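Here is the file upload.cif (mmCIF, C-alpha atoms, pLDDT in the B column; chains and numbers go by the auth columns).
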data_target
#
loop_
_atom_site.group_PDB
_atom_site.id
_atom_site.type_symbol
_atom_site.label_atom_id
_atom_site.label_comp_id
_atom_site.label_asym_id
_atom_site.label_seq_id
_atom_site.Cartn_x
_atom_site.Cartn_y
_atom_site.Cartn_z
_atom_site.B_iso_or_equiv
_atom_site.auth_seq_id
_atom_site.auth_asym_id
ATOM 1 C CA ASN A 1 -66.436 -7.454 -33.198 62.00 1 A
ATOM 2 C CA ALA A 2 -66.868 -9.930 -30.355 74.00 2 A
ATOM 3 C CA GLY A 3 -69.390 -12.121 -32.191 93.00 3 A
ATOM 4 C CA VAL A 4 -70.234 -15.084 -29.972 97.00 4 A
ATOM 5 C CA THR A 5 -68.464 -15.336 -26.642 97.00 5 A
ATOM 6 C CA GLN A 6 -68.557 -18.352 -24.349 98.00 6 A
ATOM 7 C CA THR A 7 -67.507 -18.417 -20.710 97.00 7 A
ATOM 8 C CA PRO A 8 -65.798 -20.212 -19.169 97.00 8 A
ATOM 9 C CA LYS A 9 -63.526 -21.754 -21.795 97.00 9 A
ATOM 10 C CA PHE A 10 -62.323 -24.527 -19.514 97.00 10 A
ATOM 11 C CA ARG A 11 -63.785 -26.075 -16.396 97.00 11 A
ATOM 12 C CA VAL A 12 -63.228 -29.170 -14.302 97.00 12 A
ATOM 13 C CA LEU A 13 -66.097 -30.356 -12.148 96.00 13 A
ATOM 14 C CA LYS A 14 -66.637 -33.178 -9.711 97.00 14 A
ATOM 15 C CA THR A 15 -69.592 -35.490 -10.175 97.00 15 A
ATOM 16 C CA GLY A 16 -72.705 -33.942 -8.689 97.00 16 A
ATOM 17 C CA GLN A 17 -71.537 -30.348 -8.898 97.00 17 A
ATOM 18 C CA SER A 18 -73.519 -27.765 -10.794 96.00 18 A
ATOM 19 C CA MET A 19 -72.409 -25.068 -13.178 96.00 19 A
ATOM 20 C CA THR A 20 -73.625 -22.668 -15.827 97.00 20 A
ATOM 21 C CA LEU A 21 -72.121 -21.945 -19.214 98.00 21 A
ATOM 22 C CA LEU A 22 -72.797 -18.490 -20.591 98.00 22 A
ATOM 23 C CA CYS A 23 -73.119 -17.642 -24.246 98.00 23 A
ATOM 24 C CA ALA A 24 -73.300 -14.003 -25.281 97.00 24 A
ATOM 25 C CA GLN A 25 -73.736 -12.641 -28.806 96.00 25 A
ATOM 26 C CA ASP A 26 -73.621 -9.027 -29.920 94.00 26 A
ATOM 27 C CA MET A 27 -75.093 -9.492 -33.390 92.00 27 A
ATOM 28 C CA ASN A 28 -78.758 -9.155 -32.408 91.00 28 A
ATOM 29 C CA HIS A 29 -79.428 -12.712 -33.568 92.00 29 A
ATOM 30 C CA GLU A 30 -82.748 -14.330 -32.837 91.00 30 A
ATOM 31 C CA TYR A 31 -81.653 -17.956 -32.926 93.00 31 A
ATOM 32 C CA MET A 32 -79.230 -19.410 -30.409 96.00 32 A
ATOM 33 C CA TYR A 33 -78.102 -23.002 -29.949 96.00 33 A
ATOM 34 C CA TRP A 34 -76.106 -25.163 -27.588 98.00 34 A
ATOM 35 C CA TYR A 35 -74.271 -28.146 -29.076 97.00 35 A
ATOM 36 C CA ARG A 36 -71.952 -30.704 -27.564 97.00 36 A
ATOM 37 C CA GLN A 37 -69.175 -32.334 -29.525 96.00 37 A
ATOM 38 C CA ASP A 38 -67.668 -35.658 -28.591 94.00 38 A
ATOM 39 C CA PRO A 39 -65.012 -37.658 -30.480 87.00 39 A
ATOM 40 C CA GLY A 40 -66.582 -39.528 -33.380 80.00 40 A
ATOM 41 C CA MET A 41 -70.039 -38.135 -32.610 81.00 41 A
ATOM 42 C CA GLY A 42 -70.082 -34.814 -34.361 86.00 42 A
ATOM 43 C CA LEU A 43 -72.111 -31.876 -33.080 93.00 43 A
ATOM 44 C CA ARG A 44 -75.310 -32.805 -31.285 94.00 44 A
ATOM 45 C CA LEU A 45 -77.955 -30.247 -30.415 95.00 45 A
ATOM 46 C CA ILE A 46 -78.772 -29.952 -26.713 97.00 46 A
ATOM 47 C CA HIS A 47 -81.234 -27.049 -26.611 97.00 47 A
ATOM 48 C CA TYR A 48 -82.047 -24.098 -28.772 95.00 48 A
ATOM 49 C CA SER A 49 -83.946 -20.819 -28.660 95.00 49 A
ATOM 50 C CA VAL A 50 -85.784 -18.935 -31.374 92.00 50 A
ATOM 51 C CA GLY A 51 -86.045 -15.736 -29.397 91.00 51 A
ATOM 52 C CA GLU A 52 -85.965 -14.076 -26.014 94.00 52 A
ATOM 53 C CA GLY A 53 -87.983 -16.002 -23.457 93.00 53 A
ATOM 54 C CA THR A 54 -88.280 -19.160 -25.568 94.00 54 A
ATOM 55 C CA THR A 55 -86.340 -22.417 -25.409 96.00 55 A
ATOM 56 C CA ALA A 56 -86.790 -25.875 -26.861 95.00 56 A
ATOM 57 C CA LYS A 57 -85.204 -29.297 -26.568 95.00 57 A
ATOM 58 C CA GLY A 58 -82.803 -30.624 -29.105 93.00 58 A
ATOM 59 C CA GLU A 59 -81.462 -34.112 -29.702 92.00 59 A
ATOM 60 C CA VAL A 60 -79.729 -34.667 -26.332 96.00 60 A
ATOM 61 C CA PRO A 61 -81.402 -32.441 -23.694 97.00 61 A
ATOM 62 C CA ASP A 62 -81.309 -34.748 -20.668 96.00 62 A
ATOM 63 C CA GLY A 63 -79.249 -33.444 -17.764 96.00 63 A
ATOM 64 C CA TYR A 64 -79.232 -29.858 -19.065 98.00 64 A
ATOM 65 C CA ASN A 65 -81.414 -26.806 -18.634 97.00 65 A
ATOM 66 C CA VAL A 66 -81.317 -23.508 -20.478 97.00 66 A
ATOM 67 C CA SER A 67 -82.626 -20.003 -20.177 97.00 67 A
ATOM 68 C CA ARG A 68 -82.852 -17.030 -22.519 97.00 68 A
ATOM 69 C CA LEU A 69 -83.957 -14.117 -20.391 95.00 69 A
ATOM 70 C CA LYS A 70 -82.199 -11.604 -22.631 95.00 70 A
ATOM 71 C CA LYS A 71 -81.922 -11.793 -26.390 95.00 71 A
ATOM 72 C CA GLN A 72 -78.147 -11.620 -26.353 96.00 72 A
ATOM 73 C CA ASN A 73 -77.570 -14.345 -23.732 97.00 73 A
ATOM 74 C CA PHE A 74 -78.220 -18.074 -23.730 98.00 74 A
ATOM 75 C CA LEU A 75 -77.316 -19.976 -20.561 98.00 75 A
ATOM 76 C CA LEU A 76 -76.704 -23.709 -20.327 98.00 76 A
ATOM 77 C CA GLY A 77 -76.957 -25.250 -16.886 97.00 77 A
ATOM 78 C CA LEU A 78 -75.825 -28.577 -15.516 96.00 78 A
ATOM 79 C CA GLU A 79 -77.640 -29.200 -12.241 92.00 79 A
ATOM 80 C CA SER A 80 -75.754 -32.345 -11.228 96.00 80 A
ATOM 81 C CA ALA A 81 -72.792 -33.013 -13.466 96.00 81 A
ATOM 82 C CA ALA A 82 -71.992 -36.563 -14.568 97.00 82 A
ATOM 83 C CA PRO A 83 -68.842 -37.945 -16.238 97.00 83 A
ATOM 84 C CA SER A 84 -70.940 -38.544 -19.384 96.00 84 A
ATOM 85 C CA GLN A 85 -71.218 -34.773 -19.702 97.00 85 A
ATOM 86 C CA THR A 86 -67.488 -34.420 -20.255 97.00 86 A
ATOM 87 C CA SER A 87 -67.412 -32.771 -23.655 97.00 87 A
ATOM 88 C CA VAL A 88 -66.725 -29.667 -25.668 97.00 88 A
ATOM 89 C CA TYR A 89 -69.726 -27.365 -25.691 98.00 89 A
ATOM 90 C CA PHE A 90 -70.338 -24.949 -28.537 98.00 90 A
ATOM 91 C CA CYS A 91 -72.800 -22.118 -28.600 98.00 91 A
ATOM 92 C CA ALA A 92 -73.983 -20.761 -31.936 96.00 92 A
ATOM 93 C CA SER A 93 -76.264 -17.996 -33.090 95.00 93 A
ATOM 94 C CA LYS A 94 -78.054 -17.129 -36.279 91.00 94 A
ATOM 95 C CA LEU A 95 -79.956 -14.201 -37.656 83.00 95 A
ATOM 96 C CA TRP A 96 -83.636 -14.645 -38.474 73.00 96 A
ATOM 97 C CA GLY A 97 -83.670 -15.137 -42.225 66.00 97 A
ATOM 98 C CA GLN A 98 -80.693 -15.541 -44.480 59.00 98 A
ATOM 99 C CA GLY A 99 -78.477 -12.744 -43.184 52.00 99 A
ATOM 100 C CA ALA A 100 -76.196 -10.388 -45.106 51.00 100 A
ATOM 101 C CA ARG A 101 -74.440 -13.204 -46.970 53.00 101 A
ATOM 102 C CA GLY A 102 -77.764 -14.837 -47.792 55.00 102 A
ATOM 103 C CA THR A 103 -76.539 -18.095 -46.331 63.00 103 A
ATOM 104 C CA GLY A 104 -78.341 -18.643 -43.047 74.00 104 A
ATOM 105 C CA GLU A 105 -74.900 -18.942 -41.513 86.00 105 A
ATOM 106 C CA LEU A 106 -74.393 -20.103 -37.947 91.00 106 A
ATOM 107 C CA PHE A 107 -71.782 -18.217 -35.943 94.00 107 A
ATOM 108 C CA PHE A 108 -70.031 -20.237 -33.259 96.00 108 A
ATOM 109 C CA GLY A 109 -68.270 -19.398 -30.052 97.00 109 A
ATOM 110 C CA GLU A 110 -64.813 -20.809 -29.425 97.00 110 A
ATOM 111 C CA GLY A 111 -66.109 -23.641 -27.290 97.00 111 A
ATOM 112 C CA SER A 112 -66.096 -24.547 -23.612 98.00 112 A
ATOM 113 C CA ARG A 113 -64.165 -27.632 -22.575 97.00 113 A
ATOM 114 C CA LEU A 114 -65.782 -29.321 -19.615 97.00 114 A
ATOM 115 C CA THR A 115 -64.363 -32.271 -17.714 97.00 115 A
ATOM 116 C CA VAL A 116 -66.417 -34.048 -15.067 97.00 116 A
ATOM 117 C CA LEU A 117 -64.431 -36.277 -12.739 96.00 117 A
ATOM 118 C CA ARG B 1 -80.013 -44.396 -39.728 61.00 1 B
ATOM 119 C CA LYS B 2 -78.408 -41.113 -38.818 73.00 2 B
ATOM 120 C CA GLU B 3 -79.977 -38.113 -40.551 88.00 3 B
ATOM 121 C CA VAL B 4 -76.709 -36.904 -42.032 93.00 4 B
ATOM 122 C CA GLU B 5 -73.922 -39.356 -42.794 94.00 5 B
ATOM 123 C CA GLN B 6 -70.334 -38.767 -43.790 95.00 6 B
ATOM 124 C CA ASP B 7 -67.290 -40.961 -44.259 91.00 7 B
ATOM 125 C CA PRO B 8 -65.104 -39.970 -41.287 90.00 8 B
ATOM 126 C CA GLY B 9 -61.872 -40.627 -43.214 90.00 9 B
ATOM 127 C CA PRO B 10 -59.197 -39.560 -42.729 94.00 10 B
ATOM 128 C CA PHE B 11 -58.511 -38.713 -46.325 95.00 11 B
ATOM 129 C CA ASN B 12 -54.743 -38.468 -46.620 96.00 12 B
ATOM 130 C CA VAL B 13 -53.689 -36.691 -49.832 97.00 13 B
ATOM 131 C CA PRO B 14 -50.555 -34.990 -51.168 97.00 14 B
ATOM 132 C CA GLU B 15 -50.419 -31.293 -51.885 98.00 15 B
ATOM 133 C CA GLY B 16 -51.926 -30.464 -55.238 97.00 16 B
ATOM 134 C CA ALA B 17 -54.287 -33.426 -55.261 97.00 17 B
ATOM 135 C CA THR B 18 -58.004 -33.254 -55.932 97.00 18 B
ATOM 136 C CA VAL B 19 -60.195 -34.769 -53.249 97.00 19 B
ATOM 137 C CA ALA B 20 -63.946 -35.194 -52.966 96.00 20 B
ATOM 138 C CA PHE B 21 -66.239 -35.857 -50.030 93.00 21 B
ATOM 139 C CA ASN B 22 -69.834 -37.005 -50.114 94.00 22 B
ATOM 140 C CA CYS B 23 -72.544 -36.607 -47.536 95.00 23 B
ATOM 141 C CA THR B 24 -75.925 -38.347 -47.587 96.00 24 B
ATOM 142 C CA TYR B 25 -79.066 -37.157 -45.848 94.00 25 B
ATOM 143 C CA SER B 26 -82.185 -39.108 -44.989 92.00 26 B
ATOM 144 C CA ASN B 27 -84.901 -36.444 -44.889 88.00 27 B
ATOM 145 C CA SER B 28 -86.211 -35.813 -48.383 87.00 28 B
ATOM 146 C CA ALA B 29 -87.809 -32.576 -47.138 85.00 29 B
ATOM 147 C CA SER B 30 -84.379 -31.085 -46.414 86.00 30 B
ATOM 148 C CA GLN B 31 -84.137 -27.601 -47.753 83.00 31 B
ATOM 149 C CA SER B 32 -80.771 -26.040 -46.977 87.00 32 B
ATOM 150 C CA PHE B 33 -77.322 -27.528 -47.271 92.00 33 B
ATOM 151 C CA PHE B 34 -73.933 -26.345 -46.156 93.00 34 B
ATOM 152 C CA TRP B 35 -70.317 -27.321 -45.706 96.00 35 B
ATOM 153 C CA TYR B 36 -68.559 -26.099 -42.588 96.00 36 B
ATOM 154 C CA ARG B 37 -64.878 -26.372 -41.840 97.00 37 B
ATOM 155 C CA GLN B 38 -63.522 -27.133 -38.385 96.00 38 B
ATOM 156 C CA ASP B 39 -59.855 -26.888 -37.523 96.00 39 B
ATOM 157 C CA CYS B 40 -58.458 -28.944 -34.660 92.00 40 B
ATOM 158 C CA ARG B 41 -59.805 -27.711 -31.313 89.00 41 B
ATOM 159 C CA LYS B 42 -61.516 -24.755 -32.956 94.00 42 B
ATOM 160 C CA GLU B 43 -65.102 -23.816 -33.671 96.00 43 B
ATOM 161 C CA PRO B 44 -66.812 -24.694 -36.965 96.00 44 B
ATOM 162 C CA LYS B 45 -66.967 -21.979 -39.601 95.00 45 B
ATOM 163 C CA LEU B 46 -69.058 -21.795 -42.738 94.00 46 B
ATOM 164 C CA LEU B 47 -67.133 -22.853 -45.826 95.00 47 B
ATOM 165 C CA MET B 48 -69.926 -22.590 -48.354 93.00 48 B
ATOM 166 C CA SER B 49 -73.600 -23.083 -48.930 90.00 49 B
ATOM 167 C CA VAL B 50 -74.721 -25.692 -51.440 91.00 50 B
ATOM 168 C CA TYR B 51 -77.199 -24.629 -54.089 85.00 51 B
ATOM 169 C CA SER B 52 -79.328 -26.799 -56.358 85.00 52 B
ATOM 170 C CA SER B 53 -77.409 -25.668 -59.418 86.00 53 B
ATOM 171 C CA GLY B 54 -74.063 -26.321 -57.803 88.00 54 B
ATOM 172 C CA ASN B 55 -71.640 -23.589 -56.844 91.00 55 B
ATOM 173 C CA GLU B 56 -67.976 -22.870 -56.864 93.00 56 B
ATOM 174 C CA ASP B 57 -65.748 -20.757 -54.654 93.00 57 B
ATOM 175 C CA GLY B 58 -62.173 -20.742 -55.847 96.00 58 B
ATOM 176 C CA ARG B 59 -60.793 -24.259 -55.482 97.00 59 B
ATOM 177 C CA PHE B 60 -63.958 -25.524 -53.815 97.00 60 B
ATOM 178 C CA THR B 61 -67.006 -26.854 -55.642 97.00 61 B
ATOM 179 C CA ALA B 62 -70.206 -28.009 -53.977 96.00 62 B
ATOM 180 C CA GLN B 63 -72.920 -30.054 -55.622 95.00 63 B
ATOM 181 C CA LEU B 64 -76.393 -31.154 -54.573 94.00 64 B
ATOM 182 C CA ASN B 65 -78.160 -34.249 -55.860 94.00 65 B
ATOM 183 C CA ARG B 66 -81.706 -34.181 -54.535 92.00 66 B
ATOM 184 C CA ALA B 67 -82.761 -37.383 -56.297 93.00 67 B
ATOM 185 C CA SER B 68 -80.079 -39.403 -54.553 93.00 68 B
ATOM 186 C CA GLN B 69 -80.096 -37.224 -51.439 94.00 69 B
ATOM 187 C CA TYR B 70 -76.447 -36.379 -51.236 93.00 70 B
ATOM 188 C CA ILE B 71 -74.199 -33.378 -51.386 96.00 71 B
ATOM 189 C CA SER B 72 -70.560 -33.302 -52.336 96.00 72 B
ATOM 190 C CA LEU B 73 -67.530 -31.113 -51.835 97.00 73 B
ATOM 191 C CA LEU B 74 -64.656 -31.120 -54.288 97.00 74 B
ATOM 192 C CA ILE B 75 -61.338 -29.533 -53.399 98.00 75 B
ATOM 193 C CA ARG B 76 -58.874 -28.974 -56.224 98.00 76 B
ATOM 194 C CA ASP B 77 -55.155 -28.285 -55.891 98.00 77 B
ATOM 195 C CA SER B 78 -55.138 -29.166 -52.175 98.00 78 B
ATOM 196 C CA LYS B 79 -53.052 -27.003 -49.869 98.00 79 B
ATOM 197 C CA LEU B 80 -51.515 -27.917 -46.534 98.00 80 B
ATOM 198 C CA SER B 81 -53.853 -25.357 -44.999 97.00 81 B
ATOM 199 C CA ASP B 82 -56.867 -27.327 -46.216 98.00 82 B
ATOM 200 C CA SER B 83 -56.164 -29.926 -43.526 98.00 83 B
ATOM 201 C CA ALA B 84 -59.236 -29.852 -41.305 97.00 84 B
ATOM 202 C CA THR B 85 -62.510 -31.620 -40.635 96.00 85 B
ATOM 203 C CA TYR B 86 -65.318 -30.855 -43.065 97.00 86 B
ATOM 204 C CA LEU B 87 -68.819 -30.941 -41.646 96.00 87 B
ATOM 205 C CA CYS B 88 -71.891 -31.508 -43.749 95.00 88 B
ATOM 206 C CA VAL B 89 -74.927 -29.601 -42.476 93.00 89 B
ATOM 207 C CA VAL B 90 -78.537 -30.070 -43.531 92.00 90 B
ATOM 208 C CA ARG B 91 -81.712 -28.278 -42.543 87.00 91 B
ATOM 209 C CA ALA B 92 -85.206 -29.626 -43.042 76.00 92 B
ATOM 210 C CA SER B 93 -87.914 -27.357 -44.343 67.00 93 B
ATOM 211 C CA GLY B 94 -90.522 -25.675 -42.161 65.00 94 B
ATOM 212 C CA GLY B 95 -90.663 -24.885 -38.476 66.00 95 B
ATOM 213 C CA SER B 96 -87.682 -23.633 -36.524 69.00 96 B
ATOM 214 C CA TYR B 97 -84.283 -23.406 -38.106 81.00 97 B
ATOM 215 C CA ILE B 98 -82.600 -26.580 -36.825 87.00 98 B
ATOM 216 C CA PRO B 99 -79.420 -27.522 -38.673 90.00 99 B
ATOM 217 C CA THR B 100 -78.265 -31.117 -38.348 91.00 100 B
ATOM 218 C CA PHE B 101 -74.551 -31.803 -38.511 93.00 101 B
ATOM 219 C CA GLY B 102 -72.795 -34.828 -39.897 94.00 102 B
ATOM 220 C CA ARG B 103 -69.930 -36.306 -37.916 94.00 103 B
ATOM 221 C CA GLY B 104 -67.385 -34.748 -40.234 95.00 104 B
ATOM 222 C CA THR B 105 -64.753 -35.940 -42.681 96.00 105 B
ATOM 223 C CA SER B 106 -61.124 -35.494 -41.742 96.00 106 B
ATOM 224 C CA LEU B 107 -58.738 -34.290 -44.437 97.00 107 B
ATOM 225 C CA ILE B 108 -54.972 -34.408 -44.061 97.00 108 B
ATOM 226 C CA VAL B 109 -52.902 -32.789 -46.804 98.00 109 B
ATOM 227 C CA HIS B 110 -49.215 -33.732 -46.663 96.00 110 B
ATOM 228 C CA PRO B 111 -46.201 -32.262 -48.462 95.00 111 B
#
Structure translated into C-alpha cells:
Amino acid sequence: NAGVTQTPKFRVLKTGQSMTLLCAQDMNHEYMYWYRQDPGMGLRLIHYSVGEGTTAKGEVPDGYNVSRLKKQNFLLGLESAAPSQTSVYFCASKLWGQGARGTGELFFGEGSRLTVL
Amino acid sequence: RKEVEQDPGPFNVPEGATVAFNCTYSNSASQSFFWYRQDCRKEPKLLMSVYSSGNEDGRFTAQLNRASQYISLLIRDSKLSDSATYLCVVRASGGSYIPTFGRGTSLIVHP
C-alpha cells in the first residue's frame, strides 16, 4: 500500500523561483492537509481540503496556493519562493468519519524538504 | 496563548523508567485528542487516541482531564526505541476536521 506519497522529497530553490509539491493518496480519503514543520514550531497548517474541488486556508497560508482537482491529489504551490519558506512540508490525509480504527487518524507522507537560498 | 502547549523537553530517562508528559489546550470546546509519535526526520504517526475514561495500550496510558483542559501520556518501562518526539493533537468540535498540533515533547531513553 502506497498510502500518502509526496514528491519531490528534496528540493533546493533560489529566491523568487516557483515550484509545486504534489501529494497523492490512494486511500480514497476526503480530507487532505498541507503542514509545514520548523524547528521548535511544531506542525502548522498551511491549507486543507475537505473534498475534491474545495480548499481552505489554515494557520499560515501566505505565500502558498493549493488545488484539489482530483480527490486523490492535493498540490501545494509556491509562486515566488522566499528563504522563510525553507522548511519540511508534510501532507496528510484522513477519511471522512472515524475510519476503520475508529480514531480519526491522520496519515502522513514522508515529508518534502525544501531549501530556499 | 498557543492553542496546544507542551513542554518541549528533552526528557532524558534511563531504560526502564516511567515518564509522563502533559499537554494543555485552550479551547474548551475541543472534542478529540490524540498522541502522535514522530521519529527524527520522519513523519508523525498515530500512537493512540485519548478517551474521556482514559485508555491504555501496553506500556502507554493516556488520560484526559476536561476540567483542567489537559491530556497526559504515561510511558512505563521505557525502551531505547521509545526515543522520539511525542506530539499532542487536539481537534475542536464542529465544522471541518482541523487537528491542531502541539510543538512536541522530546524523549531520550538512554541505556
* To do: Could you give me, as JSON, numbers by chain, the residues that sit within 9 Å of (-69.3, -28.9, -42.7) in the file's coordinates, counting all atoms listed in the file?
  => {"B": [34, 35, 36, 37, 38, 44, 45, 46, 47, 48, 85, 86, 87, 88, 89, 101, 102, 103, 104, 105]}
* **Residues selected by the PyMOL selection byres ((chain A) within 7 of (chain B)), written as a ChimeraX atom specification** => /A:40-43,103,105,108-111
May I have the selected residues written with C-alpha atoms, as a PDB file, in the coordinates of the input?
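part-v4.pdb, freshly written:
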ATOM      1  CA  GLY A  40     -66.582 -39.528 -33.380  1.00 80.00           C
ATOM      2  CA  MET A  41     -70.039 -38.135 -32.610  1.00 81.00           C
ATOM      3  CA  GLY A  42     -70.082 -34.814 -34.361  1.00 86.00           C
ATOM      4  CA  LEU A  43     -72.111 -31.876 -33.080  1.00 93.00           C
ATOM      5  CA  THR A 103     -76.539 -18.095 -46.331  1.00 63.00           C
ATOM      6  CA  GLU A 105     -74.900 -18.942 -41.513  1.00 86.00           C
ATOM      7  CA  PHE A 108     -70.031 -20.237 -33.259  1.00 96.00           C
ATOM      8  CA  GLY A 109     -68.270 -19.398 -30.052  1.00 97.00           C
ATOM      9  CA  GLU A 110     -64.813 -20.809 -29.425  1.00 97.00           C
ATOM     10  CA  GLY A 111     -66.109 -23.641 -27.290  1.00 97.00           C
TER      11      GLY A 111
END
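With only C-alpha atoms as the basis for measurement, A:Lys70 is the residue among A:Lys70, A:Lys57, A:Arg44, A:Lys14 that approaches Glu30 of chain A most closely.
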* Tell me which of A:His29, A:Arg113, A:His47, A:Lys71 sits closest to Lys94 of chain A, counting all atoms listed in the file. =>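 Of the candidates, the smallest distance to Lys94 of chain A is held by A:His29.
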Report the residues retrieved by the PyMOL selection byres ((chain A and resi 114) around 12) from the displayed file, expressed as a compact mmCIF listing (two decimals) with C-alpha atoms, in the frame of the given file.
# COMPACT_ATOMS: atom_id res chain seq x y z
CA THR A 7 -67.51 -18.42 -20.71
CA PRO A 8 -65.80 -20.21 -19.17
CA LYS A 9 -63.53 -21.75 -21.80
CA PHE A 10 -62.32 -24.53 -19.51
CA ARG A 11 -63.78 -26.08 -16.40
CA VAL A 12 -63.23 -29.17 -14.30
CA LEU A 13 -66.10 -30.36 -12.15
CA LYS A 14 -66.64 -33.18 -9.71
CA THR A 15 -69.59 -35.49 -10.18
CA SER A 18 -73.52 -27.76 -10.79
CA MET A 19 -72.41 -25.07 -13.18
CA THR A 20 -73.62 -22.67 -15.83
CA LEU A 21 -72.12 -21.94 -19.21
CA ARG A 36 -71.95 -30.70 -27.56
CA GLN A 37 -69.18 -32.33 -29.52
CA ASP A 38 -67.67 -35.66 -28.59
CA LEU A 78 -75.82 -28.58 -15.52
CA ALA A 81 -72.79 -33.01 -13.47
CA ALA A 82 -71.99 -36.56 -14.57
CA PRO A 83 -68.84 -37.94 -16.24
CA SER A 84 -70.94 -38.54 -19.38
CA GLN A 85 -71.22 -34.77 -19.70
CA THR A 86 -67.49 -34.42 -20.26
CA SER A 87 -67.41 -32.77 -23.66
CA VAL A 88 -66.72 -29.67 -25.67
CA TYR A 89 -69.73 -27.36 -25.69
CA PHE A 90 -70.34 -24.95 -28.54
CA GLY A 111 -66.11 -23.64 -27.29
CA SER A 112 -66.10 -24.55 -23.61
CA ARG A 113 -64.17 -27.63 -22.58
CA THR A 115 -64.36 -32.27 -17.71
CA VAL A 116 -66.42 -34.05 -15.07
CA LEU A 117 -64.43 -36.28 -12.74
* With distances taken over only C-alpha atoms, which of A:Val66, A:Pro39, A:Gln17, A:Asn73 is nearest to Glu52 of chain A? ->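 Smallest distance to Glu52 of chain A is found for A:Asn73.
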* Residues matched by the PyMOL selection byres ((chain B and resi 78) around 10), written as a PyMOL selection string -> chain B and resi 13-19+59-60+74-77+79-83+107-110
* **Distance in Å - atom CA of Ser106 of chain B versus atom CA of Lys2 of chain B** =>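 For atom CA of Ser106 of chain B relative to atom CA of Lys2 of chain B, the distance reads 18.4 Å.
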* Work out how far apart atom CA of Arg66 of chain B and atom CA of Asn12 of chain B are and give it in Å to one decimal. =>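 Calculated distance between atom CA of Arg66 of chain B and atom CA of Asn12 of chain B is 28.4 Å.
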* Asked: Skipping near chain neighbours, those fewer than 5 positions away, what residues fall within 6 Å of Thr24 of chain B using only C-alpha atoms, listed as an MDAnalysis selection string?
  -> chainID B and resid 4:5 69:70
